[in-house]
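Visitor: One structure, pasted below without further comment.
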Amino acid sequence: MSAPPNPEKMTQYADARRRRLLYSQNDLQQALSACEFLYDCDEDASYSTADLRRFRCFETTLVVAYTRPFTQSRGGTPPLTMKMVGLKLSDQKRALHARLVDMRNTMMAHSDEEIMRMTTQPFDVSEEGETPLYLIQSVFDEGITLIGNLLVETNSLLREVYQAIVRTLYRDLQANPTSFDLRIDSEAARAARGVSPRSEAPLRDRAGDEDSN
């Protein structure tokens, strides 16, 4: 005979799940914005290294923001799962999801040697008769992976996951609206922003000020 459910643990899990869904909504919004910016990259055009790196920044943000909810974080918040939002992806989108997670693990969060493409060459910059002085000339692959049809497919995946999160939050909100009366702004978050505990107005107050302008 199984033990009866523990009400306290159930409440704690519901709170943690709610936070994960809210965090995930923001993560997917960031990923979708980065995806829109990437549409400016024409796969048939030539770009300077600076422009390629700009697109690479968008691609990195897209991948990291999308995959962030699915990884275990500190603080006891469970990772997002498709089951949590009642989503059953097609085989094609499951494969794309796995590909994005792999990109995050090998290319974005780490620099795995297996996928590194780099050329380096020493060159002497000294004048004739002087002691040789060497510098390094390095060339890295600055190419973009998520481009063309793959970017379109990625955009579709992001939107499907985002919409599932929004639907789940909406249902939870209707069932228990008071549980969404939240303020999450830890001391660690304030320290990361370089502000003292009392140097910022509450988030609601600042939002209200913005609305009144």
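Ordered as shown in the structure tokens, chains take letters A, B, and onward, while each chain numbers its residues from 1 and ligands are numbered from 1 in the order shown.
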Check the DSSP output for the backbone and give back, as a PyMOL selection string, the residues of stretch 40-140 of chain A in strand (DSSP E).
Guide: chain A and resi 118-124+134-140
Visitor: When you look at A:Ala65 with a cut-off of 10 Å (counting only C-alpha atoms), what residues show up, excluding the ones that are within fewer than 2 positions of it in the same chain? I need them as a PDB file with N, CA, C and O atoms, in the first residue's frame.
Guide:
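In the end it all went to out12.pdb:
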```pdb
ATOM      1  N   SER A  24      10.487  29.897 -17.786  1.00  0.00           N
ATOM      2  CA  SER A  24      10.564  29.349 -19.141  1.00  0.00           C
ATOM      3  C   SER A  24       9.885  30.260 -20.144  1.00  0.00           C
ATOM      4  O   SER A  24      10.335  30.385 -21.292  1.00  0.00           O
ATOM      5  N   ASN A  26       9.807  33.478 -20.059  1.00  0.00           N
ATOM      6  CA  ASN A  26      10.773  34.535 -20.363  1.00  0.00           C
ATOM      7  C   ASN A  26      11.911  34.019 -21.231  1.00  0.00           C
ATOM      8  O   ASN A  26      12.343  34.690 -22.175  1.00  0.00           O
ATOM      9  N   ASP A  27      12.403  32.823 -20.932  1.00  0.00           N
ATOM     10  CA  ASP A  27      13.479  32.242 -21.736  1.00  0.00           C
ATOM     11  C   ASP A  27      13.052  32.072 -23.189  1.00  0.00           C
ATOM     12  O   ASP A  27      13.814  32.394 -24.114  1.00  0.00           O
ATOM     13  N   LEU A  28      11.842  31.574 -23.405  1.00  0.00           N
ATOM     14  CA  LEU A  28      11.369  31.372 -24.773  1.00  0.00           C
ATOM     15  C   LEU A  28      11.142  32.695 -25.485  1.00  0.00           C
ATOM     16  O   LEU A  28      11.353  32.793 -26.707  1.00  0.00           O
ATOM     17  N   GLN A  29      10.732  33.727 -24.760  1.00  0.00           N
ATOM     18  CA  GLN A  29      10.594  35.045 -25.376  1.00  0.00           C
ATOM     19  C   GLN A  29      11.946  35.553 -25.869  1.00  0.00           C
ATOM     20  O   GLN A  29      12.048  36.123 -26.966  1.00  0.00           O
ATOM     21  N   GLN A  30      12.993  35.357 -25.070  1.00  0.00           N
ATOM     22  CA  GLN A  30      14.335  35.754 -25.498  1.00  0.00           C
ATOM     23  C   GLN A  30      14.762  34.969 -26.734  1.00  0.00           C
ATOM     24  O   GLN A  30      15.327  35.532 -27.681  1.00  0.00           O
ATOM     25  N   ALA A  31      14.513  33.654 -26.713  1.00  0.00           N
ATOM     26  CA  ALA A  31      14.901  32.813 -27.845  1.00  0.00           C
ATOM     27  C   ALA A  31      14.169  33.229 -29.116  1.00  0.00           C
ATOM     28  O   ALA A  31      14.762  33.279 -30.204  1.00  0.00           O
ATOM     29  N   LEU A  32      12.888  33.543 -28.997  1.00  0.00           N
ATOM     30  CA  LEU A  32      12.111  33.955 -30.168  1.00  0.00           C
ATOM     31  C   LEU A  32      12.595  35.290 -30.715  1.00  0.00           C
ATOM     32  O   LEU A  32      12.634  35.492 -31.937  1.00  0.00           O
ATOM     33  N   ALA A  34      15.694  36.457 -30.501  1.00  0.00           N
ATOM     34  CA  ALA A  34      16.960  36.169 -31.181  1.00  0.00           C
ATOM     35  C   ALA A  34      16.714  35.503 -32.526  1.00  0.00           C
ATOM     36  O   ALA A  34      17.415  35.776 -33.506  1.00  0.00           O
ATOM     37  N   GLU A  59      22.514  33.696 -32.538  1.00  0.00           N
ATOM     38  CA  GLU A  59      22.352  32.250 -32.554  1.00  0.00           C
ATOM     39  C   GLU A  59      22.650  31.656 -31.178  1.00  0.00           C
ATOM     40  O   GLU A  59      21.923  30.775 -30.696  1.00  0.00           O
ATOM     41  N   THR A  60      23.707  32.142 -30.541  1.00  0.00           N
ATOM     42  CA  THR A  60      24.053  31.652 -29.213  1.00  0.00           C
ATOM     43  C   THR A  60      22.942  31.949 -28.217  1.00  0.00           C
ATOM     44  O   THR A  60      22.555  31.091 -27.410  1.00  0.00           O
ATOM     45  N   THR A  61      22.413  33.173 -28.271  1.00  0.00           N
ATOM     46  CA  THR A  61      21.316  33.537 -27.374  1.00  0.00           C
ATOM     47  C   THR A  61      20.100  32.657 -27.612  1.00  0.00           C
ATOM     48  O   THR A  61      19.454  32.187 -26.661  1.00  0.00           O
ATOM     49  N   LEU A  62      19.782  32.412 -28.873  1.00  0.00           N
ATOM     50  CA  LEU A  62      18.636  31.559 -29.206  1.00  0.00           C
ATOM     51  C   LEU A  62      18.792  30.182 -28.577  1.00  0.00           C
ATOM     52  O   LEU A  62      17.890  29.692 -27.884  1.00  0.00           O
ATOM     53  N   VAL A  63      19.930  29.560 -28.809  1.00  0.00           N
ATOM     54  CA  VAL A  63      20.148  28.188 -28.340  1.00  0.00           C
ATOM     55  C   VAL A  63      20.192  28.124 -26.817  1.00  0.00           C
ATOM     56  O   VAL A  63      19.552  27.262 -26.193  1.00  0.00           O
ATOM     57  N   THR A  67      17.262  26.272 -24.511  1.00  0.00           N
ATOM     58  CA  THR A  67      17.590  25.043 -23.783  1.00  0.00           C
ATOM     59  C   THR A  67      17.689  25.249 -22.273  1.00  0.00           C
ATOM     60  O   THR A  67      17.660  24.274 -21.527  1.00  0.00           O
ATOM     61  N   ARG A  68      17.814  26.498 -21.823  1.00  0.00           N
ATOM     62  CA  ARG A  68      17.975  26.772 -20.391  1.00  0.00           C
ATOM     63  C   ARG A  68      16.883  26.138 -19.524  1.00  0.00           C
ATOM     64  O   ARG A  68      17.191  25.550 -18.476  1.00  0.00           O
ATOM     65  N   PRO A  69      15.603  26.226 -19.904  1.00  0.00           N
ATOM     66  CA  PRO A  69      14.567  25.653 -19.039  1.00  0.00           C
ATOM     67  C   PRO A  69      14.676  24.139 -18.856  1.00  0.00           C
ATOM     68  O   PRO A  69      14.189  23.597 -17.858  1.00  0.00           O
ATOM     69  N   PHE A  70      15.301  23.463 -19.814  1.00  0.00           N
ATOM     70  CA  PHE A  70      15.329  22.002 -19.786  1.00  0.00           C
ATOM     71  C   PHE A  70      16.507  21.448 -18.982  1.00  0.00           C
ATOM     72  O   PHE A  70      16.692  20.231 -18.921  1.00  0.00           O
ATOM     73  N   ARG A 104      24.014  23.441 -27.685  1.00  0.00           N
ATOM     74  CA  ARG A 104      24.269  24.152 -26.439  1.00  0.00           C
ATOM     75  C   ARG A 104      25.431  23.519 -25.685  1.00  0.00           C
ATOM     76  O   ARG A 104      26.317  24.205 -25.169  1.00  0.00           O
TER      77      ARG A 104
END
```
Visitor: Show me, as a PDB file with N, CA, C and O atoms, in the first residue's frame, the residues that have an atom within 8 Å of A:Arg56 when counting only C-alpha atoms, minus same-chain residues fewer than 2 positions from it.
Guide:
```
ATOM      1  N   LEU A  52      29.221  38.600 -39.029  1.00  0.00           N
ATOM      2  CA  LEU A  52      29.040  37.184 -38.748  1.00  0.00           C
ATOM      3  C   LEU A  52      29.020  36.927 -37.241  1.00  0.00           C
ATOM      4  O   LEU A  52      28.230  36.122 -36.743  1.00  0.00           O
ATOM      5  N   ARG A  53      29.874  37.628 -36.524  1.00  0.00           N
ATOM      6  CA  ARG A  53      29.891  37.462 -35.066  1.00  0.00           C
ATOM      7  C   ARG A  53      28.617  38.014 -34.432  1.00  0.00           C
ATOM      8  O   ARG A  53      28.147  37.497 -33.417  1.00  0.00           O
ATOM      9  N   ARG A  54      28.067  39.057 -35.023  1.00  0.00           N
ATOM     10  CA  ARG A  54      26.795  39.579 -34.520  1.00  0.00           C
ATOM     11  C   ARG A  54      25.698  38.529 -34.684  1.00  0.00           C
ATOM     12  O   ARG A  54      24.927  38.275 -33.750  1.00  0.00           O
ATOM     13  N   PHE A  58      23.396  36.244 -31.841  1.00  0.00           N
ATOM     14  CA  PHE A  58      21.965  35.959 -31.846  1.00  0.00           C
ATOM     15  C   PHE A  58      21.723  34.448 -31.776  1.00  0.00           C
ATOM     16  O   PHE A  58      20.836  33.987 -31.051  1.00  0.00           O
ATOM     17  N   GLU A  59      22.514  33.696 -32.538  1.00  0.00           N
ATOM     18  CA  GLU A  59      22.352  32.250 -32.554  1.00  0.00           C
ATOM     19  C   GLU A  59      22.650  31.656 -31.178  1.00  0.00           C
ATOM     20  O   GLU A  59      21.923  30.775 -30.696  1.00  0.00           O
ATOM     21  N   THR A  60      23.707  32.142 -30.541  1.00  0.00           N
ATOM     22  CA  THR A  60      24.053  31.652 -29.213  1.00  0.00           C
ATOM     23  C   THR A  60      22.942  31.949 -28.217  1.00  0.00           C
ATOM     24  O   THR A  60      22.555  31.091 -27.410  1.00  0.00           O
ATOM     25  N   GLU A 142      33.509  31.141 -38.408  1.00  0.00           N
ATOM     26  CA  GLU A 142      32.528  32.103 -37.916  1.00  0.00           C
ATOM     27  C   GLU A 142      31.142  31.848 -38.505  1.00  0.00           C
ATOM     28  O   GLU A 142      30.255  32.691 -38.445  1.00  0.00           O
ATOM     29  N   GLY A 143      30.962  30.661 -39.076  1.00  0.00           N
ATOM     30  CA  GLY A 143      29.707  30.363 -39.761  1.00  0.00           C
ATOM     31  C   GLY A 143      28.525  30.221 -38.820  1.00  0.00           C
ATOM     32  O   GLY A 143      28.664  29.984 -37.624  1.00  0.00           O
ATOM     33  N   ILE A 144      27.332  30.367 -39.389  1.00  0.00           N
ATOM     34  CA  ILE A 144      26.081  30.240 -38.653  1.00  0.00           C
ATOM     35  C   ILE A 144      25.447  28.894 -38.999  1.00  0.00           C
ATOM     36  O   ILE A 144      25.389  28.506 -40.166  1.00  0.00           O
TER      37      ILE A 144
END
```
Visitor: Distance atom CA of A:Ile136-atom CA of A:Pro122, one decimal place?
Guide: 4.6 Å
Visitor: Tell me, as a ChimeraX atom specification, which residues lie within 7 Å of stretch 6-16 of chain A, counting only C-alpha atoms; anything in the same chain fewer than 3 positions away does not count.
Guide: /A:19-20,77-78
Visitor: Using the selection just defined, write its residues with N, CA, C and O atoms as a compact mmCIF listing (two decimals), in the first residue's frame.
Guide:
```txt
# COMPACT_ATOMS: atom_id res chain seq x y z
N ARG A 19 7.13 28.44 -10.81
CA ARG A 19 8.29 29.29 -11.08
C ARG A 19 8.98 28.86 -12.37
O ARG A 19 9.39 29.69 -13.17
N ARG A 20 9.13 27.55 -12.55
CA ARG A 20 9.79 27.07 -13.77
C ARG A 20 9.01 27.49 -15.00
O ARG A 20 9.61 27.92 -16.01
N THR A 77 14.25 24.27 -8.36
CA THR A 77 13.25 24.39 -9.41
C THR A 77 13.44 23.26 -10.42
O THR A 77 14.53 23.12 -10.98
N PRO A 78 12.42 22.46 -10.68
CA PRO A 78 12.59 21.33 -11.59
C PRO A 78 12.78 21.80 -13.03
O PRO A 78 12.28 22.86 -13.40
```
